[in-house]
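Down below is the structure, laid out as structure tokens.
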Amino acid sequence: MAEPATIVKCLVWDLDNTLWQGTLLEDAEVTLAEPVRRLIAELDSRGVLQAVASKNDHDPAWQRLEALGVAEFFVLPHIGWGPKSDSVRAIAAELNFALDTIAFVDDQPTERAEVAFHLPEVRCYDARRLAVLDELPEFSPPTVTVDARRRREMYQAGFRRKAAETDFQGPSEEFLRSLELVMHIRRASGTELSRVEELTLRTSQMNATGVHYSLPDLRALLADPRHEVLVATLADRFGPHGAVGLELLAKHERVWHLKLLATSCRVVSFGAGSVILGRLVDEAARAGVHLVADFRRTERNRMMEIAYRMTGFTDEACGCAAELAAPAEEGVQRLHLHPTPQAPPPTMELHAVSLRDG
Amino acid sequence: MSVETTITTERIEQRITAFVTGRVKTEVPPEQDLFATGLVSSMFAMELVVQLEQDFAVQILGNDLKRDNFRSIEAMTALVSRLRDTEPSADA
């Protein structure tokens, strides 16, 4: 698949004479130009995260961002006196982003050179190019999904969640319950299609077949009454996780065929994959059908195999699979399960559409 | 894998017990059903798989990944013992 120019996932801003006009320590007043304010909001709406690497004292600089009304747009402010390459490296590590998805903007050639020297993969921009930044292809993701617009919010919730987990004493199960997780499983439609596609692209780790379904593929399947395209969304007391799971299910008379299960690696530690599978097994048991799941081992989807096996899928050959066409792709295993009713998940509240009515 | 090749069943059980109790932060007898008592989620079971493989230099594959093999410390000990016996120094 041809990949377009690598999209910038996080832009790291210098403050003095870049984000604002003036130098905080020297000038009585610093001002935020209206085009810069618009750029910040525009990048945010495209799902580009924004961070800060500034040589200043932390508190006055952050207070100024708040006073200017833009503090909420930033994650991971690194405001201090260390080298900016250290700040940029730390921001990339904390976000778990590759360095070639990070950009850095600064008015000082020396600062850009310092970052470029230590982190050659990071793309550096002169502050004079701010006016055209939003027109550059690397700042223009091809599809802006529902979740992209909320990406910053989701990361901010993630940081609060992590802090709470660090503070929490006790069994991890109890911590999960304290999050007040709520999952919804719905039939995909309309706007949800784009987030579904993004999920199959971005979640290679947890994609059980490694098959990518394009938007047209999925649209065609939506219209097919024998197929179910289901999207799972997750939220907790810190905020939304967005769309975290995708199921593609073909319903036959005696067997339901799970062609694809993809879950976001962001929510692996909440057991989202197991909850989705558990619900499917329960529905199949009530419908009186067997389950067959496609699985193709890749280097990155071991957790998905473990989730299938722990749920009870085996290599057992069963007559029910005779109803199914042979796998379209090479190396696809068919795992089988004779479903039994499942207890609701102990660690989250689940609202799921019934699959027995269509 | 050199020193650990002669590890006893008793030692395997001790190490699994240490890991499980460390995680659930309570005493766990070897025969206790971890799933039934709600001590262990499917999620934690996944961690157990990875932990056992690393700690005891075994590979847990296919049907061996079934839930029953992780139901108790006893069951996990039996699984690890069996895998260590049947695949002496399997590096694959």
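Simple scheme: letters A, B, ... for chains in structure tokens order, numbers from 1 for residues in each chain, numbers from 1 for ligands in the order shown.
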
### Message
Applying 10 Å and only C-alpha atoms, which residues near Ala148 (chain A) remain after dropping the ones on its own chain fewer than 4 positions away? List them as a list in words.
### Response
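Listing them by chain and then by number gives Asp44, Ser45, Arg46, Gly47, Val48, Leu49, Pro141, Thr143, Val144, Arg152, Glu153, Met154, Arg195, Glu198 and Gly242 of chain A.
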
Please produce a file of the residues just selected, as a short mmCIF file (atom, residue, chain, number, x, y, z; two decimals), in the first residue's frame, where the atoms kept are all heavy atoms.
data_model
loop_
_atom_site.label_atom_id
_atom_site.label_comp_id
_atom_site.auth_asym_id
_atom_site.auth_seq_id
_atom_site.Cartn_x
_atom_site.Cartn_y
_atom_site.Cartn_z
N ASP A 44 -5.10 21.16 16.21
CA ASP A 44 -5.79 20.37 17.23
C ASP A 44 -6.98 19.63 16.63
O ASP A 44 -7.19 18.46 16.88
CB ASP A 44 -6.25 21.29 18.36
CG ASP A 44 -6.84 20.52 19.53
OD1 ASP A 44 -6.08 19.79 20.19
OD2 ASP A 44 -8.06 20.62 19.75
N SER A 45 -7.73 20.33 15.77
CA SER A 45 -8.93 19.71 15.20
C SER A 45 -8.55 18.62 14.18
O SER A 45 -9.35 17.76 13.87
CB SER A 45 -9.82 20.76 14.54
OG SER A 45 -9.25 21.16 13.30
N ARG A 46 -7.31 18.69 13.67
CA ARG A 46 -6.86 17.64 12.75
C ARG A 46 -6.27 16.44 13.49
O ARG A 46 -5.80 15.50 12.86
CB ARG A 46 -5.79 18.20 11.80
CG ARG A 46 -6.31 19.26 10.86
CD ARG A 46 -5.19 19.73 9.94
NE ARG A 46 -5.62 20.89 9.15
CZ ARG A 46 -4.84 21.51 8.27
NH1 ARG A 46 -3.60 21.09 8.08
NH2 ARG A 46 -5.29 22.54 7.60
N GLY A 47 -6.22 16.52 14.80
CA GLY A 47 -5.68 15.39 15.57
C GLY A 47 -4.18 15.43 15.73
O GLY A 47 -3.57 14.44 16.12
N VAL A 48 -3.54 16.58 15.39
CA VAL A 48 -2.10 16.72 15.62
C VAL A 48 -1.91 17.19 17.06
O VAL A 48 -2.44 18.23 17.45
CB VAL A 48 -1.47 17.75 14.65
CG1 VAL A 48 0.02 17.91 14.94
CG2 VAL A 48 -1.71 17.33 13.20
N LEU A 49 -1.19 16.40 17.86
CA LEU A 49 -0.96 16.81 19.24
C LEU A 49 0.08 17.93 19.26
O LEU A 49 0.89 18.05 18.35
CB LEU A 49 -0.43 15.63 20.06
CG LEU A 49 -1.37 14.44 20.23
CD1 LEU A 49 -0.70 13.36 21.06
CD2 LEU A 49 -2.67 14.87 20.89
N PRO A 141 -3.57 15.31 7.64
CA PRO A 141 -3.96 13.90 7.58
C PRO A 141 -5.07 13.70 6.55
O PRO A 141 -5.96 14.55 6.44
CB PRO A 141 -4.49 13.60 8.99
CG PRO A 141 -4.07 14.75 9.85
CD PRO A 141 -3.84 15.92 8.94
N THR A 143 -7.66 11.52 6.26
CA THR A 143 -9.01 11.49 6.82
C THR A 143 -8.94 11.99 8.24
O THR A 143 -8.09 11.58 9.02
CB THR A 143 -9.62 10.07 6.85
OG1 THR A 143 -8.61 9.17 7.30
CG2 THR A 143 -10.16 9.65 5.51
N VAL A 144 -9.81 12.92 8.57
CA VAL A 144 -9.88 13.39 9.95
C VAL A 144 -11.08 12.70 10.59
O VAL A 144 -12.22 12.95 10.23
CB VAL A 144 -10.02 14.92 10.01
CG1 VAL A 144 -10.18 15.37 11.46
CG2 VAL A 144 -8.79 15.57 9.40
N ARG A 152 -6.34 14.80 21.42
CA ARG A 152 -5.64 15.48 22.50
C ARG A 152 -6.33 15.23 23.84
O ARG A 152 -5.70 14.91 24.84
CB ARG A 152 -5.57 16.98 22.20
CG ARG A 152 -4.77 17.76 23.19
CD ARG A 152 -5.58 18.80 23.92
NE ARG A 152 -6.48 19.52 23.02
CZ ARG A 152 -7.58 20.13 23.45
NH1 ARG A 152 -7.91 20.08 24.71
NH2 ARG A 152 -8.37 20.75 22.59
N GLU A 153 -7.65 15.32 23.80
CA GLU A 153 -8.43 15.07 25.01
C GLU A 153 -8.18 13.66 25.53
O GLU A 153 -8.06 13.43 26.73
CB GLU A 153 -9.91 15.22 24.63
CG GLU A 153 -10.86 15.53 25.74
CD GLU A 153 -12.31 15.47 25.22
OE1 GLU A 153 -12.57 15.91 24.08
OE2 GLU A 153 -13.15 14.95 25.96
N MET A 154 -8.08 12.71 24.60
CA MET A 154 -7.87 11.32 25.02
C MET A 154 -6.48 11.14 25.64
O MET A 154 -6.32 10.42 26.61
CB MET A 154 -8.07 10.38 23.84
CG MET A 154 -9.52 10.34 23.38
SD MET A 154 -9.91 8.94 22.31
CE MET A 154 -9.20 9.46 20.77
N ARG A 195 -13.58 5.91 11.53
CA ARG A 195 -12.76 5.51 12.68
C ARG A 195 -12.50 4.01 12.65
O ARG A 195 -11.47 3.54 13.10
CB ARG A 195 -13.37 5.97 14.00
CG ARG A 195 -14.73 5.43 14.28
CD ARG A 195 -15.58 6.38 15.13
NE ARG A 195 -15.08 6.63 16.46
CZ ARG A 195 -15.88 6.95 17.48
NH1 ARG A 195 -17.18 7.02 17.31
NH2 ARG A 195 -15.39 7.20 18.67
N GLU A 198 -9.57 3.56 10.37
CA GLU A 198 -8.35 3.96 11.05
C GLU A 198 -7.89 2.87 12.01
O GLU A 198 -6.72 2.57 12.13
CB GLU A 198 -8.58 5.27 11.81
CG GLU A 198 -7.32 5.83 12.37
CD GLU A 198 -7.54 7.11 13.18
OE1 GLU A 198 -8.45 7.14 14.03
OE2 GLU A 198 -6.81 8.06 12.95
N GLY A 242 -12.38 6.59 23.00
CA GLY A 242 -12.78 6.54 21.59
C GLY A 242 -13.06 5.12 21.13
O GLY A 242 -13.32 4.23 21.93
#

With only C-alpha atoms considered, list every residue of chain B at most 7 Å from chain A, as a CSV table (one decimal) with all heavy atoms, in the first residue's frame.
chain,number,residue,atom,x,y,z
B,23,ARG,N,1.4,-9.9,42.3
B,23,ARG,CA,0.4,-9.1,41.5
B,23,ARG,C,-0.9,-8.9,42.1
B,23,ARG,O,-1.5,-7.8,42.0
B,23,ARG,CB,0.3,-9.8,40.1
B,23,ARG,CG,1.4,-9.4,39.1
B,23,ARG,CD,1.4,-7.9,38.8
B,23,ARG,NE,0.0,-7.4,38.5
B,23,ARG,CZ,-0.4,-7.4,37.3
B,23,ARG,NH1,0.3,-7.7,36.3
B,23,ARG,NH2,-1.7,-6.9,37.1
B,24,VAL,N,-1.5,-10.0,42.7
B,24,VAL,CA,-2.8,-9.8,43.3
B,24,VAL,C,-2.8,-9.3,44.7
B,24,VAL,O,-3.8,-9.0,45.3
B,24,VAL,CB,-3.7,-11.1,43.2
B,24,VAL,CG1,-3.8,-11.6,41.7
B,24,VAL,CG2,-3.1,-12.2,44.0
B,25,LYS,N,-1.6,-9.2,45.3
B,25,LYS,CA,-1.3,-8.7,46.6
B,25,LYS,C,-2.2,-9.4,47.7
B,25,LYS,O,-2.8,-8.7,48.5
B,25,LYS,CB,-1.6,-7.1,46.6
B,25,LYS,CG,-0.5,-6.5,45.7
B,25,LYS,CD,-0.7,-5.0,45.5
B,25,LYS,CE,0.3,-4.5,44.6
B,25,LYS,NZ,0.0,-3.3,43.9
B,42,SER,N,-8.9,-12.2,32.4
B,42,SER,CA,-8.2,-12.8,31.2
B,42,SER,C,-7.0,-12.0,30.9
B,42,SER,O,-6.0,-12.5,30.3
B,42,SER,CB,-9.2,-12.6,30.0
B,42,SER,OG,-10.5,-13.1,30.4
B,43,MET,N,-7.1,-10.7,31.2
B,43,MET,CA,-5.9,-9.8,30.9
B,43,MET,C,-4.7,-10.2,31.7
B,43,MET,O,-3.6,-10.4,31.1
B,43,MET,CB,-6.3,-8.4,31.4
B,43,MET,CG,-5.3,-7.4,31.0
B,43,MET,SD,-4.9,-7.5,29.2
B,43,MET,CE,-3.2,-7.3,29.3
B,46,MET,N,-3.0,-13.2,30.3
B,46,MET,CA,-2.1,-13.0,29.2
B,46,MET,C,-0.7,-12.6,29.7
B,46,MET,O,0.3,-13.1,29.2
B,46,MET,CB,-2.6,-11.8,28.3
B,46,MET,CG,-3.9,-12.2,27.6
B,46,MET,SD,-4.2,-10.9,26.4
B,46,MET,CE,-6.0,-11.2,26.1
B,63,ASN,N,-3.1,-25.1,21.5
B,63,ASN,CA,-4.1,-25.6,22.5
B,63,ASN,C,-3.5,-25.5,24.0
B,63,ASN,O,-4.3,-25.5,24.9
B,63,ASN,CB,-4.5,-27.0,22.2
B,63,ASN,CG,-5.5,-27.0,21.0
B,63,ASN,OD1,-6.1,-26.0,20.7
B,63,ASN,ND2,-5.7,-28.2,20.4
B,65,LEU,N,-2.5,-23.0,25.3
B,65,LEU,CA,-2.9,-21.7,25.8
B,65,LEU,C,-4.3,-21.7,26.5
B,65,LEU,O,-4.8,-20.6,26.8
B,65,LEU,CB,-2.8,-20.6,24.7
B,65,LEU,CG,-1.4,-20.3,24.2
B,65,LEU,CD1,-1.5,-19.5,22.9
B,65,LEU,CD2,-0.7,-19.5,25.3
B,66,LYS,N,-4.9,-22.8,26.6
B,66,LYS,CA,-6.3,-22.8,27.1
B,66,LYS,C,-6.3,-22.4,28.6
B,66,LYS,O,-5.3,-22.6,29.3
B,66,LYS,CB,-6.9,-24.2,26.9
B,66,LYS,CG,-6.3,-25.3,27.8
B,66,LYS,CD,-7.0,-26.6,27.6
B,66,LYS,CE,-6.3,-27.7,28.4
B,66,LYS,NZ,-6.5,-29.0,27.9
B,67,ARG,N,-7.4,-21.8,28.9
B,67,ARG,CA,-7.6,-21.2,30.2
B,67,ARG,C,-7.3,-22.1,31.4
B,67,ARG,O,-6.8,-21.7,32.4
B,67,ARG,CB,-9.1,-20.8,30.3
B,67,ARG,CG,-9.4,-19.5,31.0
B,67,ARG,CD,-10.9,-19.3,30.8
B,67,ARG,NE,-11.5,-18.5,31.9
B,67,ARG,CZ,-11.6,-17.2,31.9
B,67,ARG,NH1,-11.2,-16.5,30.9
B,67,ARG,NH2,-12.1,-16.6,32.9

### Task
Write out as a PyMOL selection string the residues lying within 8 Å of Lys251 (chain A), counting only C-alpha atoms and excluding same-chain residues fewer than 5 positions away.
chain A and resi 226-228+256-257

#### Entry: Distance query region 70-78 of chain B at most 10 Å, only C-alpha atoms, self and fewer than 5 positions along chain excluded, as a ChimeraX atom specification
/A:310 /B:9-17,20,28-36,40,42,45-46,48-49,52,64-65,83-84

Atoms to include: N, CA and C atoms. Write the selected residues as a PDB file, in the first residue's frame.
ATOM      1  N   MET A 310      -7.677 -18.159  25.393  1.00  0.00           N
ATOM      2  CA  MET A 310      -8.172 -18.026  26.763  1.00  0.00           C
ATOM      3  C   MET A 310      -9.704 -17.994  26.778  1.00  0.00           C
TER       4      MET A 310
ATOM      5  N   THR B   9      10.142 -29.121  40.371  1.00  0.00           N
ATOM      6  CA  THR B   9       8.740 -28.736  40.335  1.00  0.00           C
ATOM      7  C   THR B   9       8.416 -27.797  41.499  1.00  0.00           C
ATOM      8  N   GLU B  10       9.017 -28.126  42.633  1.00  0.00           N
ATOM      9  CA  GLU B  10       8.775 -27.310  43.829  1.00  0.00           C
ATOM     10  C   GLU B  10       9.234 -25.866  43.620  1.00  0.00           C
ATOM     11  N   ARG B  11      10.385 -25.739  42.982  1.00  0.00           N
ATOM     12  CA  ARG B  11      10.946 -24.412  42.726  1.00  0.00           C
ATOM     13  C   ARG B  11      10.082 -23.653  41.699  1.00  0.00           C
ATOM     14  N   ILE B  12       9.590 -24.379  40.717  1.00  0.00           N
ATOM     15  CA  ILE B  12       8.706 -23.755  39.720  1.00  0.00           C
ATOM     16  C   ILE B  12       7.474 -23.191  40.423  1.00  0.00           C
ATOM     17  N   GLU B  13       6.898 -24.018  41.306  1.00  0.00           N
ATOM     18  CA  GLU B  13       5.695 -23.580  42.010  1.00  0.00           C
ATOM     19  C   GLU B  13       5.980 -22.357  42.880  1.00  0.00           C
ATOM     20  N   GLN B  14       7.133 -22.356  43.526  1.00  0.00           N
ATOM     21  CA  GLN B  14       7.484 -21.202  44.370  1.00  0.00           C
ATOM     22  C   GLN B  14       7.573 -19.925  43.547  1.00  0.00           C
ATOM     23  N   ARG B  15       8.194 -20.041  42.390  1.00  0.00           N
ATOM     24  CA  ARG B  15       8.385 -18.835  41.587  1.00  0.00           C
ATOM     25  C   ARG B  15       7.063 -18.325  41.014  1.00  0.00           C
ATOM     26  N   ILE B  16       6.216 -19.254  40.605  1.00  0.00           N
ATOM     27  CA  ILE B  16       4.910 -18.822  40.099  1.00  0.00           C
ATOM     28  C   ILE B  16       4.101 -18.183  41.222  1.00  0.00           C
ATOM     29  N   THR B  17       4.165 -18.805  42.403  1.00  0.00           N
ATOM     30  CA  THR B  17       3.445 -18.252  43.559  1.00  0.00           C
ATOM     31  C   THR B  17       3.917 -16.830  43.869  1.00  0.00           C
ATOM     32  N   VAL B  20       2.453 -14.470  41.224  1.00  0.00           N
ATOM     33  CA  VAL B  20       1.002 -14.276  41.339  1.00  0.00           C
ATOM     34  C   VAL B  20       0.656 -13.459  42.593  1.00  0.00           C
ATOM     35  N   VAL B  28      -2.085 -16.696  47.957  1.00  0.00           N
ATOM     36  CA  VAL B  28      -2.812 -17.564  47.037  1.00  0.00           C
ATOM     37  C   VAL B  28      -2.335 -19.007  47.202  1.00  0.00           C
ATOM     38  N   PRO B  29      -3.181 -19.903  47.769  1.00  0.00           N
ATOM     39  CA  PRO B  29      -2.799 -21.311  47.845  1.00  0.00           C
ATOM     40  C   PRO B  29      -2.716 -21.930  46.443  1.00  0.00           C
ATOM     41  N   PRO B  30      -1.829 -22.941  46.251  1.00  0.00           N
ATOM     42  CA  PRO B  30      -1.569 -23.482  44.916  1.00  0.00           C
ATOM     43  C   PRO B  30      -2.806 -24.012  44.204  1.00  0.00           C
ATOM     44  N   GLU B  31      -3.792 -24.503  44.975  1.00  0.00           N
ATOM     45  CA  GLU B  31      -4.929 -25.159  44.322  1.00  0.00           C
ATOM     46  C   GLU B  31      -6.092 -24.185  44.086  1.00  0.00           C
ATOM     47  N   GLN B  32      -5.958 -22.966  44.561  1.00  0.00           N
ATOM     48  CA  GLN B  32      -7.075 -22.016  44.436  1.00  0.00           C
ATOM     49  C   GLN B  32      -7.386 -21.682  42.971  1.00  0.00           C
ATOM     50  N   ASP B  33      -8.684 -21.697  42.638  1.00  0.00           N
ATOM     51  CA  ASP B  33      -9.122 -21.349  41.284  1.00  0.00           C
ATOM     52  C   ASP B  33      -9.094 -19.825  41.131  1.00  0.00           C
ATOM     53  N   LEU B  34      -8.137 -19.355  40.383  1.00  0.00           N
ATOM     54  CA  LEU B  34      -7.919 -17.902  40.291  1.00  0.00           C
ATOM     55  C   LEU B  34      -9.029 -17.196  39.520  1.00  0.00           C
ATOM     56  N   PHE B  35      -9.574 -17.877  38.531  1.00  0.00           N
ATOM     57  CA  PHE B  35     -10.632 -17.245  37.736  1.00  0.00           C
ATOM     58  C   PHE B  35     -11.934 -17.197  38.520  1.00  0.00           C
ATOM     59  N   ALA B  36     -12.279 -18.334  39.173  1.00  0.00           N
ATOM     60  CA  ALA B  36     -13.550 -18.408  39.897  1.00  0.00           C
ATOM     61  C   ALA B  36     -13.593 -17.397  41.031  1.00  0.00           C
ATOM     62  N   VAL B  40      -8.101 -13.172  39.072  1.00  0.00           N
ATOM     63  CA  VAL B  40      -7.350 -13.019  37.833  1.00  0.00           C
ATOM     64  C   VAL B  40      -8.304 -12.783  36.666  1.00  0.00           C
ATOM     65  N   SER B  42      -8.850 -12.215  32.422  1.00  0.00           N
ATOM     66  CA  SER B  42      -8.246 -12.755  31.205  1.00  0.00           C
ATOM     67  C   SER B  42      -6.990 -11.956  30.863  1.00  0.00           C
ATOM     68  N   ALA B  45      -4.178 -13.141  32.797  1.00  0.00           N
ATOM     69  CA  ALA B  45      -3.788 -14.446  32.264  1.00  0.00           C
ATOM     70  C   ALA B  45      -2.819 -14.271  31.100  1.00  0.00           C
ATOM     71  N   MET B  46      -3.045 -13.236  30.283  1.00  0.00           N
ATOM     72  CA  MET B  46      -2.126 -12.987  29.173  1.00  0.00           C
ATOM     73  C   MET B  46      -0.733 -12.649  29.691  1.00  0.00           C
ATOM     74  N   LEU B  48       0.481 -13.650  32.436  1.00  0.00           N
ATOM     75  CA  LEU B  48       1.043 -14.884  32.984  1.00  0.00           C
ATOM     76  C   LEU B  48       1.728 -15.694  31.892  1.00  0.00           C
ATOM     77  N   VAL B  49       1.098 -15.769  30.723  1.00  0.00           N
ATOM     78  CA  VAL B  49       1.684 -16.523  29.616  1.00  0.00           C
ATOM     79  C   VAL B  49       3.090 -16.003  29.330  1.00  0.00           C
ATOM     80  N   LEU B  52       5.580 -16.691  32.277  1.00  0.00           N
ATOM     81  CA  LEU B  52       6.013 -18.090  32.385  1.00  0.00           C
ATOM     82  C   LEU B  52       7.020 -18.424  31.287  1.00  0.00           C
ATOM     83  N   ASP B  64      -2.229 -25.431  24.168  1.00  0.00           N
ATOM     84  CA  ASP B  64      -1.698 -25.281  25.527  1.00  0.00           C
ATOM     85  C   ASP B  64      -2.068 -23.930  26.140  1.00  0.00           C
ATOM     86  N   LEU B  65      -2.509 -22.990  25.315  1.00  0.00           N
ATOM     87  CA  LEU B  65      -2.873 -21.668  25.835  1.00  0.00           C
ATOM     88  C   LEU B  65      -4.263 -21.656  26.455  1.00  0.00           C
ATOM     89  N   LEU B  83       6.152 -28.912  29.835  1.00  0.00           N
ATOM     90  CA  LEU B  83       6.829 -28.308  28.695  1.00  0.00           C
ATOM     91  C   LEU B  83       8.346 -28.406  28.821  1.00  0.00           C
ATOM     92  N   ARG B  84       8.836 -28.284  30.044  1.00  0.00           N
ATOM     93  CA  ARG B  84      10.292 -28.383  30.232  1.00  0.00           C
ATOM     94  C   ARG B  84      10.786 -29.800  30.011  1.00  0.00           C
TER      95      ARG B  84
END

#### Entry: Pick from A:Gly22, A:Asp16, A:Arg187, A:Leu32, whichever lies nearest to Gln108 (chain A) using only C-alpha atoms
A:Asp16
